[in-house]
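What follows is the content of start.cif, which has mmCIF, C-alpha atoms:
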```cif
data_run
#
loop_
_atom_site.label_atom_id
_atom_site.label_comp_id
_atom_site.auth_asym_id
_atom_site.auth_seq_id
_atom_site.Cartn_x
_atom_site.Cartn_y
_atom_site.Cartn_z
CA MET A 1251 -5.22 -11.26 3.70
CA THR A 1252 -8.52 -10.60 1.99
CA THR A 1253 -8.88 -9.38 -1.57
CA TRP A 1254 -11.16 -7.17 -3.60
CA ASN A 1255 -14.62 -8.63 -4.05
CA HIS A 1256 -14.57 -7.48 -7.68
CA ARG A 1257 -11.36 -8.53 -9.40
CA ALA A 1258 -10.27 -7.20 -12.75
CA CYS A 1259 -9.89 -10.13 -15.12
CA VAL A 1260 -10.15 -9.28 -18.79
CA GLU A 1261 -10.26 -5.79 -20.19
CA THR A 1262 -11.98 -4.59 -23.33
CA SER A 1263 -10.61 -1.82 -25.52
CA ASN A 1264 -13.02 0.57 -23.79
CA ARG A 1265 -12.04 0.59 -20.12
CA ASN A 1266 -15.62 1.46 -19.10
CA LEU A 1267 -17.31 -1.27 -21.13
CA THR A 1268 -17.15 -4.78 -19.76
CA LEU A 1269 -18.96 -8.08 -19.59
CA ARG A 1270 -21.17 -8.88 -16.64
CA HIS A 1271 -20.53 -12.07 -14.76
CA LYS A 1272 -22.03 -14.01 -11.90
CA ARG A 1273 -20.63 -16.52 -9.47
CA THR A 1274 -21.41 -20.18 -10.09
CA GLY A 1275 -20.18 -22.14 -7.13
CA ALA A 1276 -16.54 -21.32 -6.55
CA ARG A 1277 -16.06 -19.85 -10.03
CA ARG A 1278 -17.46 -17.01 -12.08
CA GLN A 1279 -19.50 -17.53 -15.22
CA ILE A 1280 -20.24 -15.14 -18.04
CA THR A 1281 -23.66 -13.76 -18.90
CA GLU A 1282 -24.57 -12.15 -22.19
CA ASN A 1283 -25.21 -8.60 -21.00
CA GLN A 1284 -22.92 -5.65 -21.44
CA TYR A 1285 -23.02 -2.67 -19.12
CA GLN A 1286 -21.15 0.40 -18.03
CA THR A 1287 -19.09 -0.59 -15.04
CA PRO A 1288 -19.00 1.64 -11.95
CA TYR A 1289 -15.73 3.18 -10.83
CA HIS A 1290 -14.45 2.46 -7.33
CA ARG A 1291 -12.70 5.57 -6.03
CA ARG A 1292 -11.29 3.72 -3.03
CA THR A 1293 -9.43 1.07 -5.03
CA GLY A 1294 -8.94 3.02 -8.25
CA ALA A 1295 -10.46 0.13 -10.18
CA TYR A 1296 -13.37 -0.36 -12.53
CA GLU A 1297 -15.69 -3.04 -11.17
CA ASP A 1298 -16.09 -6.45 -12.77
CA GLN A 1299 -13.89 -6.05 -15.82
CA LEU A 1300 -14.34 -9.59 -16.82
CA SER A 1301 -13.22 -12.93 -17.41
CA CYS A 1302 -12.72 -15.74 -19.72
CA GLY A 1303 -11.18 -17.49 -16.78
CA TYR A 1304 -13.99 -19.97 -16.32
CA LEU A 1305 -13.65 -21.06 -19.93
CA CYS A 1306 -9.93 -21.55 -19.42
CA LEU A 1307 -10.64 -23.64 -16.36
CA ILE A 1308 -12.99 -26.05 -18.10
CA THR A 1309 -10.89 -26.12 -21.27
CA LEU A 1310 -7.43 -26.71 -19.87
CA GLN A 1311 -8.13 -28.27 -16.47
CA THR A 1312 -4.72 -27.18 -15.25
CA SER A 1313 -3.62 -25.58 -12.03
CA ASN A 1314 -1.21 -23.38 -13.96
CA VAL A 1315 -4.08 -21.25 -15.29
CA ASP A 1316 -5.77 -18.80 -12.97
CA PRO A 1317 -9.55 -19.17 -13.45
CA ASP A 1318 -10.39 -15.94 -11.70
CA LEU A 1319 -7.83 -13.33 -12.65
CA GLY A 1320 -5.97 -12.36 -15.81
CA PRO A 1321 -3.54 -12.80 -17.33
CA GLY A 1322 -4.86 -16.30 -16.67
CA ALA A 1323 -7.19 -15.53 -19.55
CA GLN A 1324 -7.46 -12.88 -22.24
CA LEU A 1325 -10.48 -11.82 -24.21
CA THR A 1326 -9.68 -11.96 -27.93
CA SER A 1327 -13.01 -11.07 -29.51
CA ILE A 1328 -16.66 -10.24 -28.82
CA THR A 1329 -19.29 -10.53 -31.55
CA HIS A 1330 -23.06 -10.25 -31.56
CA VAL A 1331 -25.09 -13.16 -32.94
CA ASP A 1332 -28.87 -12.68 -32.69
CA LYS A 1333 -28.24 -10.12 -29.94
CA LYS A 1334 -26.22 -12.62 -27.94
CA LEU A 1335 -22.53 -12.44 -27.26
CA GLN A 1336 -20.06 -14.84 -28.77
CA ILE A 1337 -16.93 -14.77 -26.65
CA SER A 1338 -13.49 -15.90 -27.79
CA CYS A 1339 -10.71 -16.43 -25.30
CA LYS A 1340 -7.16 -17.57 -25.10
CA CYS A 1341 -5.61 -18.97 -21.96
CA LEU A 1342 -2.24 -17.89 -20.64
CA PRO A 1343 -0.11 -19.14 -17.75
CA LYS A 1344 -0.20 -17.36 -14.44
CA PRO A 1345 2.32 -14.51 -14.18
CA THR A 1346 5.61 -15.23 -12.45
CA SER A 1347 5.96 -11.58 -11.43
CA CYS A 1348 4.21 -8.24 -11.83
CA ARG A 1349 6.38 -7.65 -14.90
CA ASP A 1350 4.14 -10.15 -16.71
CA VAL A 1351 0.98 -8.18 -15.89
CA VAL A 1352 -0.42 -5.60 -18.33
CA SER A 1353 -3.52 -3.68 -17.30
CA THR A 1354 -5.31 -0.37 -17.79
CA HIS A 1355 -5.58 -0.23 -13.99
CA ASP A 1356 -2.79 1.43 -12.06
CA ARG A 1357 -3.13 -1.18 -9.31
CA ILE A 1358 -4.32 -4.76 -9.73
CA VAL A 1359 -4.27 -7.81 -7.44
CA VAL A 1360 -2.95 -10.99 -9.06
CA THR A 1361 -2.01 -14.49 -7.98
CA LEU A 1362 1.48 -15.37 -9.13
CA ALA A 1363 2.45 -18.82 -10.39
CA SER A 1364 4.04 -19.42 -6.98
CA GLY A 1365 0.61 -19.00 -5.37
CA LEU A 1366 1.48 -15.68 -3.72
CA GLU A 1367 -1.20 -13.02 -4.05
CA VAL A 1368 0.22 -9.55 -4.65
CA MET A 1369 -0.83 -6.06 -5.66
CA CYS A 1370 0.94 -4.86 -8.80
CA ASP A 1371 1.72 -1.28 -9.78
CA THR A 1372 1.44 -1.45 -13.56
CA LYS A 1373 2.18 2.21 -14.40
CA THR A 1374 4.92 3.81 -12.28
CA ASP A 1375 8.21 4.04 -14.20
CA GLY A 1376 6.98 1.46 -16.71
CA GLY A 1377 5.16 -0.75 -14.19
CA GLY A 1378 6.03 -4.25 -13.09
CA TRP A 1379 6.27 -3.44 -9.37
CA ILE A 1380 5.19 -5.71 -6.51
CA ILE A 1381 3.87 -3.45 -3.75
CA PHE A 1382 4.83 -4.80 -0.33
CA GLN A 1383 3.68 -1.90 1.85
CA ARG A 1384 0.80 0.49 1.21
CA ARG A 1385 -0.82 3.11 3.45
CA ILE A 1386 -3.33 5.69 2.30
CA HIS A 1387 -5.63 6.63 5.19
CA GLY A 1388 -4.62 4.82 8.37
CA ASP A 1389 -7.54 2.39 8.62
CA VAL A 1390 -5.19 -0.59 9.17
CA ASP A 1391 -3.17 -0.64 12.39
CA PHE A 1392 0.53 -1.20 11.61
CA TYR A 1393 1.65 -1.60 15.23
CA LYS A 1394 2.01 -5.37 14.88
CA ASN A 1395 4.17 -8.11 16.36
CA TRP A 1396 7.01 -10.10 14.78
CA GLN A 1397 4.81 -12.93 13.50
CA GLU A 1398 2.34 -10.56 11.84
CA TYR A 1399 5.14 -8.72 10.04
CA ARG A 1400 6.68 -12.06 9.10
CA ASP A 1401 3.46 -13.46 7.62
CA GLY A 1402 1.84 -10.25 6.33
CA PHE A 1403 -1.38 -8.44 7.22
CA GLY A 1404 -3.91 -5.95 5.92
CA ASP A 1405 -6.65 -5.86 3.33
CA TYR A 1406 -6.32 -5.33 -0.42
CA ASN A 1407 -9.94 -4.17 -0.50
CA ILE A 1408 -9.20 -1.40 2.00
CA GLY A 1409 -5.95 -0.71 0.17
CA GLU A 1410 -3.59 -0.93 3.15
CA PHE A 1411 -1.34 -3.92 3.80
CA TYR A 1412 2.11 -5.36 4.45
CA LEU A 1413 3.05 -8.33 2.27
CA GLY A 1414 5.15 -10.05 4.92
CA ASN A 1415 8.90 -10.29 5.46
CA GLU A 1416 9.00 -14.01 4.72
CA ASN A 1417 7.31 -13.44 1.36
CA ILE A 1418 9.69 -10.58 0.60
CA PHE A 1419 12.66 -12.77 1.54
CA ASN A 1420 11.43 -15.58 -0.72
CA LEU A 1421 11.06 -13.18 -3.64
CA THR A 1422 14.43 -11.49 -3.25
CA SER A 1423 16.46 -14.59 -2.39
CA SER A 1424 16.23 -16.07 -5.89
CA ARG A 1425 16.40 -13.00 -8.15
CA LYS A 1426 17.78 -9.47 -8.10
CA TYR A 1427 15.34 -6.67 -7.27
CA GLU A 1428 15.30 -2.89 -7.16
CA LEU A 1429 13.41 -0.92 -4.51
CA ARG A 1430 11.19 2.15 -4.75
CA PHE A 1431 9.36 4.33 -2.23
CA ASP A 1432 6.48 6.52 -3.45
CA LEU A 1433 5.39 9.13 -0.91
CA GLU A 1434 3.14 12.16 -0.68
CA TYR A 1435 3.32 15.06 1.74
CA GLU A 1436 1.52 18.42 1.64
CA ASN A 1437 0.12 17.65 -1.83
CA LYS A 1438 3.55 16.97 -3.32
CA LYS A 1439 4.84 13.64 -4.62
CA TYR A 1440 8.24 12.20 -3.81
CA PHE A 1441 10.12 9.03 -4.62
CA ALA A 1442 13.28 7.25 -3.56
CA HIS A 1443 14.83 4.54 -5.72
CA TYR A 1444 17.49 2.06 -4.62
CA SER A 1445 19.38 0.09 -7.22
CA ASP A 1446 19.47 -3.19 -5.27
CA PHE A 1447 17.27 -4.68 -2.59
CA GLN A 1448 17.25 -7.87 -0.57
CA LEU A 1449 15.93 -9.11 2.76
CA LEU A 1450 17.87 -11.88 4.44
CA ASP A 1451 16.00 -14.75 6.10
CA GLU A 1452 14.37 -14.90 9.53
CA ASN A 1453 17.49 -16.43 11.11
CA ASN A 1454 19.27 -13.26 10.02
CA LYS A 1455 16.43 -11.13 11.42
CA TYR A 1456 15.33 -9.99 7.94
CA LYS A 1457 18.43 -7.85 7.59
CA LEU A 1458 18.03 -5.04 5.04
CA VAL A 1459 20.37 -4.79 2.04
CA ILE A 1460 19.93 -1.87 -0.38
CA GLY A 1461 22.04 -0.25 -3.10
CA SER A 1462 22.64 3.27 -4.38
CA TYR A 1463 20.01 6.02 -4.11
CA SER A 1464 18.31 8.26 -6.67
CA GLY A 1465 15.14 10.36 -6.50
CA ASN A 1466 13.74 13.55 -4.98
CA ALA A 1467 12.84 12.28 -1.49
CA GLY A 1468 16.35 12.34 -0.05
CA ASP A 1469 18.37 9.32 1.03
CA SER A 1470 16.77 8.87 4.45
CA MET A 1471 17.08 5.07 4.25
CA ARG A 1472 20.90 5.23 4.38
CA ARG A 1473 20.81 5.08 8.18
CA HIS A 1474 18.92 1.78 7.99
CA VAL A 1475 21.21 -0.15 5.63
CA ASN A 1476 22.35 -3.52 7.03
CA LYS A 1477 20.05 -3.18 10.04
CA PHE A 1478 17.81 -5.89 11.43
CA PHE A 1479 14.01 -5.76 11.56
CA THR A 1480 12.56 -4.84 14.96
CA THR A 1481 9.03 -5.12 16.36
CA PHE A 1482 7.70 -4.34 19.81
CA ASP A 1483 8.10 -7.99 20.84
CA LYS A 1484 11.51 -8.62 19.19
CA ASP A 1485 14.20 -6.01 19.79
CA ASN A 1486 16.96 -6.22 17.18
CA ASP A 1487 17.95 -2.54 16.96
CA ASP A 1488 21.21 -0.81 17.98
CA SER A 1489 19.74 1.12 20.88
CA GLN A 1490 21.34 0.12 24.19
CA ASN A 1491 18.45 1.05 26.44
CA ASP A 1492 15.24 1.12 24.39
CA ASN A 1493 13.23 -0.80 21.84
CA CYS A 1494 12.83 1.61 18.94
CA ALA A 1495 9.64 -0.12 17.76
CA ILE A 1496 7.99 0.79 21.06
CA ILE A 1497 9.31 4.36 21.03
CA ARG A 1498 8.31 4.89 17.39
CA ARG A 1499 5.08 2.85 17.61
CA GLY A 1500 5.96 0.89 14.48
CA ALA A 1501 8.26 -1.78 13.09
CA TRP A 1502 11.32 -1.16 10.93
CA TRP A 1503 15.00 -1.73 10.29
CA TYR A 1504 15.86 0.59 13.16
CA GLN A 1505 19.30 1.80 14.06
CA ASP A 1506 18.97 3.81 17.29
CA CYS A 1507 16.31 4.82 16.19
CA ALA A 1508 15.11 6.10 12.80
CA ASP A 1509 15.20 8.53 9.89
CA VAL A 1510 12.33 6.58 8.31
CA ASN A 1511 9.33 5.18 10.17
CA LEU A 1512 6.70 4.48 7.50
CA ASN A 1513 5.04 1.78 9.63
CA GLY A 1514 4.54 4.24 12.50
CA ASN A 1515 1.36 5.91 13.74
CA TRP A 1516 -0.52 7.28 10.73
CA GLY A 1517 -1.20 11.01 10.91
CA TRP A 1518 0.89 11.56 14.04
CA GLY A 1519 3.93 13.76 14.60
CA ALA A 1520 6.96 13.34 16.84
CA PRO A 1521 8.18 10.94 17.97
CA ASN A 1522 6.16 8.14 16.38
CA GLY A 1523 4.56 9.32 13.15
CA ALA A 1524 4.91 7.65 9.74
CA PHE A 1525 7.76 9.93 8.71
CA TRP A 1526 10.53 10.26 6.13
CA ASP A 1527 13.08 12.61 7.68
CA ASN A 1528 14.30 14.42 4.54
CA ILE A 1529 10.71 15.30 3.58
CA THR A 1530 8.59 15.51 6.71
CA VAL A 1531 11.09 15.60 9.62
CA TRP A 1532 8.77 14.16 12.31
CA GLU A 1533 5.41 14.57 10.58
CA SER A 1534 3.57 11.74 8.84
CA VAL A 1535 3.40 11.37 5.09
CA SER A 1536 -0.10 11.29 3.57
CA PHE A 1537 0.62 8.37 1.21
CA SER A 1538 3.14 5.55 1.27
CA GLU A 1539 3.91 2.70 -1.12
CA ILE A 1540 7.02 0.53 -0.94
CA LYS A 1541 7.55 -1.67 -3.99
CA ILE A 1542 10.10 -3.94 -5.63
CA ARG A 1543 10.76 -4.97 -9.23
CA GLU A 1544 12.90 -7.68 -10.76
CA ILE A 1545 16.10 -6.57 -12.46
CA ASP A 1546 17.06 -8.27 -15.71
#
```
Re-express the file's structure as structure tokens.
Amino acid sequence: MTTWNHRACVETSNRNLTLRHKRTGARRQITENQYQTPYHRRTGAYEDQLSCGYLCLITLQTSNVDPDLGPGAQLTSITHVDKKLQISCKCLPKPTSCRDVVSTHDRIVVTLASGLEVMCDTKTDGGGWIIFQRRIHGDVDFYKNWQEYRDGFGDYNIGEFYLGNENIFNLTSSRKYELRFDLEYENKKYFAHYSDFQLLDENNKYKLVIGSYSGNAGDSMRRHVNKFFTTFDKDNDDSQNDNCAIIRRGAWWYQDCADVNLNGNWGWGAPNGAFWDNITVWESVSFSEIKIREID
């Protein structure tokens, strides 16, 4: 997957006021100019909110510090000396999960200590969510094969992606997680929360395990509990005669076939739209995020 060209690194107290930086080789270096950063409507981020990361890199020389993206580094002070900036930094370890990430941005891409690059939701219900599926306008085709869903696909810069079932399995196999769906339809917002969430491994066909439901979206996922993941080239659903991924033009934990099809054809209706039955029946939602968060 590709990432945003302009990553948020260190934030000042004024979210619009940042330090300018430039690339020096593979890393970014700081210049002494301040400027008003432009706002990117597509990503919801302020461009180039910047970085002591390079200073951490040359100071610590350790792979456990992220030189490009906070909280690998935090800005502690900025002072003017003869119209030049004096920059003070402190270096922090890479986050182990999105719960370690604090940002004024609602969404931020970080590299975890494990090396996995994820988009964090830092605001919803207290933040700390790893987003593993996101669709906002349909620019990324989600009609993918088994390997692509296993490994992940999409573009953080575009804002649409799937993190990958193997990555989700690795996350949920070692710690307990909760699951949340955030959806929009006809200018209204909906959510569904599940108290537990786990994907089993590839040998178990990424079987879906979820807990009890709460929210205002309706419990449409109940039909899909304990079902296996199906793609157009790997039929693991309960249908005797058909591959539900082909019928629904998506990939999901299909039964025979679906009350939820959020990886279906974006903007379409029956029978293969990106729907959530209790909200849209057969119509597509206009926004979809699926996210997980560690449980203490």
Can you turn the PyMOL selection byres ((chain A and resi 1508) around 9) into a concrete residue list for this file, as a PyMOL selection string? chain A and resi 1470-1471+1473-1474+1494+1498+1502-1507+1509-1511+1527
Quick check on the file I pasted: which residues fall under the PyMOL selection byres ((chain A and resi 1442) around 12)? Write them as a VMD selection string. chain A and resid 1428 to 1434 1439 to 1441 1443 to 1445 1460 to 1472 1510 1526 1528 to 1529 1538 to 1542
Of the residues A:Glu1398, A:Asp1389, A:Asp1350, A:Glu1416, which is the one nearest to Asp1483 of chain A, using all atoms listed in the file?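 Smallest distance to Asp1483 of chain A is found for A:Glu1398.
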Closest to Ile1381 of chain A among A:Gly1365, A:Gly1500, A:Gly1409, A:Gly1517, using only C-alpha atoms?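 With only C-alpha atoms as the atom set, the closest residue is A:Gly1409.
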For this structure, which residues satisfy the selection - the PyMOL selection byres ((chain A and resi 1419) around 10) - when it is evaluated on the file as given? I want them as a ChimeraX atom specification. /A:1400,1414-1418,1420-1424,1448-1452,1456-1457
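Interatomic distance, atom CA of Val1359 of chain A to atom CA of Gly1523 of chain A: 28.2 Å.
For the pair atom CA of Ala1520 of chain A and atom CA of Val1535 of chain A, the interatomic distance is 12.4 Å.
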Tell me, as a list in words, which residues lie within 10 Å of Trp1379 of chain A, counting all atoms listed in the file; anything in the same chain fewer than 6 positions away does not count.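 These residues fall inside the cut-off: Ser1347, Cys1348, Arg1349, Val1351, Arg1357, Val1368, Met1369, Cys1370, Asp1371, Thr1372, Lys1373, Tyr1427, Glu1428, Leu1429, Arg1430, Ile1540, Lys1541, Ile1542, Arg1543 and Glu1544 of chain A.
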Fewer than 4 positions away in the same chain doesn't count, so skip those; otherwise give me all residues within 6 Å of Ala1495 of chain A, counting all atoms listed in the file, as number ranges by chain. A: 1481-1482, 1499-1501
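The two atoms in question, atom CA of Val1531 of chain A and atom CA of Asp1405 of chain A, are spaced 28.5 Å apart.
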From the options A:Asp1391, A:Asp1401, A:Asp1446, A:Glu1436, which residue's atoms come nearest to Asp1546 of chain A, counting all atoms listed in the file?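 Of the candidates, the smallest distance to Asp1546 of chain A is held by A:Asp1446.
Counting all atoms listed in the file and comparing A:Gln1397, A:Thr1346, A:Asn1454, A:Asn1486, the residue that lies closest to Ala1363 of chain A is A:Thr1346.
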Counting only C-alpha atoms, which residues come within 6 Å of (2.6, -8.2, 4.6), with the point read in the file's coordinates, and could you list them as a ChimeraX atom specification? /A:1402-1403,1411-1414
